[in-house]
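Student: Below you'll find input-v2.txt; it's compact mmCIF, C-alpha atoms.
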# COMPACT_ATOMS: atom_id res chain seq x y z
CA MET A 1 -8.80 6.46 -7.10
CA GLU A 2 -11.52 7.23 -9.62
CA ASN A 3 -14.16 9.66 -8.41
CA ASP A 4 -16.95 12.00 -9.44
CA VAL A 5 -15.48 15.16 -7.94
CA ARG A 6 -14.86 16.91 -11.27
CA ARG A 7 -18.36 16.21 -12.55
CA LEU A 8 -20.03 17.32 -9.32
CA ARG A 9 -17.86 20.42 -9.10
CA THR A 10 -18.51 21.54 -12.67
CA GLU A 11 -22.23 20.84 -12.29
CA ARG A 12 -22.24 23.40 -9.49
CA GLY A 13 -20.15 25.87 -11.45
CA LEU A 14 -17.30 25.83 -8.97
CA SER A 15 -13.64 26.28 -9.90
CA GLN A 16 -11.01 24.02 -8.39
CA ALA A 17 -9.69 26.98 -6.41
CA GLU A 18 -13.15 27.79 -5.05
CA LEU A 19 -13.80 24.19 -3.99
CA GLY A 20 -10.34 24.00 -2.44
CA SER A 21 -10.95 27.20 -0.55
CA LEU A 22 -14.27 25.90 0.78
CA LEU A 23 -12.60 22.70 2.02
CA GLY A 24 -9.35 24.23 3.26
CA VAL A 25 -7.06 22.65 0.66
CA SER A 26 -5.18 23.97 -2.34
CA ARG A 27 -6.36 24.10 -5.95
CA GLN A 28 -3.60 21.65 -6.80
CA THR A 29 -4.93 19.14 -4.28
CA ILE A 30 -8.43 19.29 -5.81
CA ASN A 31 -6.85 18.82 -9.24
CA ALA A 32 -4.82 15.82 -8.01
CA ILE A 33 -7.94 14.23 -6.48
CA GLU A 34 -9.96 14.74 -9.67
CA LYS A 35 -7.23 13.14 -11.75
CA GLY A 36 -6.95 10.21 -9.36
CA ARG A 37 -3.33 11.00 -8.55
CA TYR A 38 -4.07 11.63 -4.89
CA THR A 39 -6.41 9.70 -2.62
CA PRO A 40 -7.79 12.10 -0.01
CA SER A 41 -7.76 11.37 3.70
CA LEU A 42 -10.99 10.06 5.21
CA PRO A 43 -11.86 13.48 6.76
CA LEU A 44 -11.37 15.22 3.41
CA ALA A 45 -13.32 12.55 1.53
CA ILE A 46 -16.18 12.94 4.02
CA ALA A 47 -15.99 16.74 3.70
CA LEU A 48 -16.20 16.43 -0.08
CA ALA A 49 -19.14 14.03 0.16
CA GLN A 50 -20.96 16.29 2.61
CA HIS A 51 -20.31 19.32 0.42
CA PHE A 52 -21.87 17.61 -2.59
CA ASP A 53 -24.52 15.91 -0.45
CA ARG A 54 -23.52 12.43 -1.63
CA PRO A 55 -22.46 9.27 0.23
CA VAL A 56 -18.67 8.84 0.17
CA GLU A 57 -18.94 5.44 -1.49
CA GLU A 58 -20.91 6.96 -4.38
CA MET A 59 -18.30 9.64 -4.98
CA PHE A 60 -15.19 7.48 -4.77
CA HIS A 61 -14.84 4.24 -6.68
CA ALA A 62 -12.38 1.79 -5.15
CA ASN A 63 -10.69 -0.38 -7.80
CA GLY A 64 -12.42 1.67 -10.48
CA SER A 65 -15.80 0.09 -9.74
CA ARG A 66 -18.90 2.16 -10.36
CA MET B 1 -7.72 19.41 5.18
CA GLN B 2 -5.35 21.89 6.71
CA THR B 3 -2.57 20.30 8.72
CA GLY B 4 -0.92 21.42 11.90
CA HIS B 5 2.51 21.54 10.29
CA ALA B 6 2.71 25.26 9.76
CA LYS B 7 0.79 27.66 11.94
CA GLY B 8 1.08 31.24 13.07
CA VAL B 9 4.27 33.01 12.14
CA LEU B 10 5.69 29.81 10.65
CA ALA B 11 2.88 29.79 8.08
CA THR B 12 3.60 33.29 6.77
CA LYS B 13 5.46 33.66 3.49
CA TRP B 14 8.09 35.86 5.12
CA PHE B 15 9.26 33.55 7.91
CA LEU B 16 11.53 31.26 5.91
CA PRO B 17 13.12 34.00 3.75
CA ALA B 18 13.83 35.99 6.93
CA PHE B 19 15.19 32.89 8.67
CA CYS B 20 17.32 32.09 5.62
CA LEU B 21 18.75 35.61 5.63
CA LEU B 22 19.43 35.42 9.39
CA LEU B 23 21.14 32.06 8.91
CA GLY B 24 23.27 33.62 6.17
CA VAL B 25 24.36 36.39 8.54
CA VAL B 26 25.21 33.85 11.27
CA VAL B 27 27.15 31.59 8.86
CA ALA B 28 28.97 34.56 7.34
CA GLY B 29 29.77 35.82 10.84
CA ALA B 30 31.21 32.44 11.84
CA MET B 31 33.31 32.31 8.68
CA ALA B 32 34.51 35.89 9.17
CA MET B 33 35.52 35.06 12.74
CA GLY B 34 37.48 32.12 11.37
CA GLY B 35 39.32 34.44 8.99
CA ASP B 36 37.54 33.42 5.76
CA ALA B 37 36.29 36.84 4.66
CA GLY B 38 35.84 35.78 1.03
CA ASP B 39 33.82 32.68 1.94
CA ALA B 40 31.79 34.78 4.39
CA VAL B 41 30.74 37.23 1.68
CA PHE B 42 30.00 34.39 -0.76
CA SER B 43 27.84 32.60 1.83
CA LEU B 44 25.95 35.77 2.69
CA VAL B 45 25.21 36.46 -1.00
CA LEU B 46 24.19 32.81 -1.54
CA PHE B 47 21.79 32.82 1.41
CA ALA B 48 20.41 36.23 0.30
CA VAL B 49 19.72 34.86 -3.19
CA ILE B 50 17.95 31.81 -1.73
CA ALA B 51 15.93 34.08 0.60
CA ALA B 52 14.92 36.29 -2.34
CA ALA B 53 13.91 33.24 -4.41
CA LEU B 54 11.78 31.98 -1.51
CA ALA B 55 10.18 35.39 -0.96
CA LEU B 56 9.47 36.14 -4.61
CA GLY B 57 8.67 32.65 -5.92
CA GLY B 58 5.04 32.78 -4.80
CA ARG B 59 3.59 31.28 -7.98
CA SER B 60 5.56 28.08 -7.59
CA GLU B 61 3.73 25.43 -5.52
CA THR B 62 7.08 23.91 -4.58
CA VAL B 63 8.38 27.23 -3.26
CA ARG B 64 5.16 27.77 -1.30
CA MET B 65 5.54 24.31 0.23
CA ILE B 66 9.13 24.91 1.26
CA ARG B 67 8.05 28.28 2.65
CA GLY B 68 5.21 26.73 4.64
CA ASP B 69 2.25 28.81 3.47
CA GLY B 70 -0.62 27.10 1.70
CA ARG B 71 0.12 23.63 3.01
CA ASP B 72 -2.56 20.99 3.21
CA GLU B 73 -2.83 17.23 3.71
CA ARG B 74 -1.51 16.37 0.23
CA TRP B 75 1.56 18.49 0.85
CA ALA B 76 2.01 16.84 4.24
CA MET B 77 2.10 13.46 2.47
CA ILE B 78 4.56 14.77 -0.12
CA ASP B 79 6.69 16.27 2.66
CA LEU B 80 6.71 12.93 4.50
CA ALA B 81 7.75 11.01 1.37
CA ALA B 82 10.41 13.61 0.51
CA THR B 83 11.78 13.41 4.05
CA ALA B 84 11.93 9.61 3.83
CA ILE B 85 13.74 9.75 0.49
CA THR B 86 16.18 12.32 1.90
CA GLY B 87 16.89 10.05 4.86
CA LEU B 88 17.41 7.06 2.57
CA VAL B 89 19.88 8.99 0.39
CA LEU B 90 21.77 10.21 3.46
CA ILE B 91 21.96 6.73 5.00
CA THR B 92 23.18 5.28 1.70
CA VAL B 93 25.91 7.94 1.46
CA ILE B 94 26.90 7.41 5.10
CA ILE B 95 27.19 3.64 4.66
CA GLY B 96 29.21 4.10 1.47
CA ALA B 97 31.54 6.61 3.11
CA CYS B 98 31.91 4.37 6.15
CA LEU B 99 32.88 1.39 3.99
CA TYR B 100 35.37 3.56 2.09
CA GLU B 101 36.94 4.83 5.31
CA TRP B 102 37.28 1.28 6.66
CA SER B 103 38.78 0.07 3.38
CA GLN B 104 41.44 2.77 3.77
CA GLY B 105 42.39 1.45 7.19
CA ARG B 106 40.73 4.27 9.11
CA ASP B 107 38.14 3.97 11.90
CA GLY B 108 35.22 5.25 9.83
CA SER B 109 34.80 8.53 11.75
CA PRO B 110 32.62 10.49 11.61
CA PHE B 111 30.46 8.36 9.32
CA SER B 112 30.22 5.35 11.65
CA GLN B 113 28.94 7.60 14.46
CA LEU B 114 26.46 9.29 12.11
CA GLY B 115 25.23 5.88 10.99
CA ALA B 116 24.83 4.78 14.60
CA VAL B 117 22.85 7.96 15.43
CA ALA B 118 20.62 7.37 12.41
CA GLY B 119 20.01 3.74 13.38
CA VAL B 120 19.16 4.59 16.99
CA ALA B 121 16.95 7.52 15.92
CA TYR B 122 15.03 5.24 13.55
CA ILE B 123 14.41 2.60 16.22
CA VAL B 124 13.36 5.21 18.83
CA ALA B 125 11.02 6.84 16.30
CA LEU B 126 9.59 3.44 15.33
CA VAL B 127 8.85 2.53 18.96
CA ALA B 128 7.38 5.99 19.75
CA LEU B 129 5.21 6.11 16.63
CA ARG B 130 4.01 2.52 17.14
CA GLN B 131 2.81 3.39 20.64
CA ARG B 132 0.95 6.43 19.33
CA SER B 133 -0.91 4.57 16.61
For this file, write the structure as structure tokens.
Tutor:
Amino acid sequence: MENDVRRLRTERGLSQAELGSLLGVSRQTINAIEKGRYTPSLPLAIALAQHFDRPVEEMFHANGSR
Amino acid sequence: MQTGHAKGVLATKWFLPAFCLLLGVVVAGAMAMGGDAGDAVFSLVLFAVIAAALALGGRSETVRMIRGDGRDERWAMIDLAATAITGLVLITVIIGACLYEWSQGRDGSPFSQLGAVAGVAYIVALVALRQRS
């Protein structure tokens, strides 16, 4: 699923490992989410959205819609 | 999100290598008791090599997943899919072996019993998981 995680993360100067550590997941999981290879669970998507202070639906784009 | 798959001592990087080594000692002991000293030594060395690879392969994500440390929800999904694929391969082999045994005029043992266990286990798991969800 397309998402804005990479952009939001780099805007805040966070590494994938740092973001993963903050959310309790691995660096590889953050990388997989950013590349759209892995769709996070609802709790993790909400945690990401809360971390970046964005609504979930603005961060994740179902069917590639923006 | 962290999952509940590996917690406490199970989540440490040393548990699986230690368990692997212990298993090697037990297997080698059983083989030695059966009079296969050569196979016992070979098994012990094989398990020790696997234990060392698990203990020292910390940079590999796959090794860390097998070991249990650093798991999260993505790994839980991968683990689930890998388990399903493993089951599918095993069932396919069991069915094939069963058919071969029957074609040779034998009763299909032990493959027919293994297939029956797998079938019953699947149905029980299906019913239990359906009730939980």
Student: Mind checking which residues fall within 6 Å of region 108-122 of chain B, counting all atoms listed in the file, ignoring those fewer than 6 positions away in the same chain, and posting them as a PyMOL selection string?
Tutor: chain B and resi 94+98+101-102
Student: Considering all atoms listed in the file, return as an MDAnalysis selection string whatever protein or nucleic-acid residues lie within 12 Å of region 49-63 of chain B, sequence-local ones (same chain, fewer than 6 positions apart) excluded.
Tutor: (chainID A and resid 26:29) or (chainID B and resid 12:25 42:43 69:72 74:75 78:79 82)
Student: (-13.6, 12.6, -10.0) in this file's frame - what residues fall within 10 Å of it? Use all atoms listed in the file and give the answer as a PyMOL selection string.
Tutor: chain A and resi 1-9+30-36+59-61
Student: A:Leu22, A:Leu44, A:Leu14, A:Ala49: which is nearest chain B, counting all atoms listed in the file?
Tutor: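 Closest residue, counting all atoms listed in the file: A:Leu44.
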Student: Kindly indicate which residue among A:Leu42, A:Val25, A:Val56, A:Ala47 lies nearest to chain B, using all atoms listed in the file for the distances.
Tutor: A:Val25
Student: Using only C-alpha atoms, pick whichever of A:Pro40, A:Glu58, A:Gln50, A:Glu18 has the shortest atom-to-atom distance to chain B.
Tutor: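 Answer, going by the shortest atom-to-atom distance: A:Pro40.
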Student: Using Å and a single decimal, report how far CA of Leu19 (chain A) sits from CA of Glu73 (chain B).
Tutor: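 It comes out at 15.1 Å.
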Student: B:Ala125, B:Ala84, B:Ala76, B:Ile95: which is nearest Ser41 (chain A), counting all atoms listed in the file?
Tutor: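 Smallest separation from Ser41 (chain A) among the options: B:Ala76.
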Student: Which residue gives the smallest distance to chain A among B:Leu99, B:Leu90, B:Ala30, B:Met77, with only C-alpha atoms counted?
Tutor: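 Closest to chain A of all the choices is B:Met77.
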Student: What is the CA of Gln16 (chain A) to CA of Ala62 (chain A) distance in Å?
Tutor: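 We find that CA of Gln16 (chain A) and CA of Ala62 (chain A) lie 22.5 Å from each other.
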Student: Mind giving me the straight-line distance from CA of Ile123 (chain B) to CA of Asp107 (chain B) in Å, one decimal?
Tutor: 24.2 Å
Student: Rank nothing, just name the residue among B:Gly34, B:Val45, B:Gly29, B:Met65 nearest to chain A, using all atoms listed in the file.
Tutor: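 Among the listed residues, B:Met65 lies closest to chain A.
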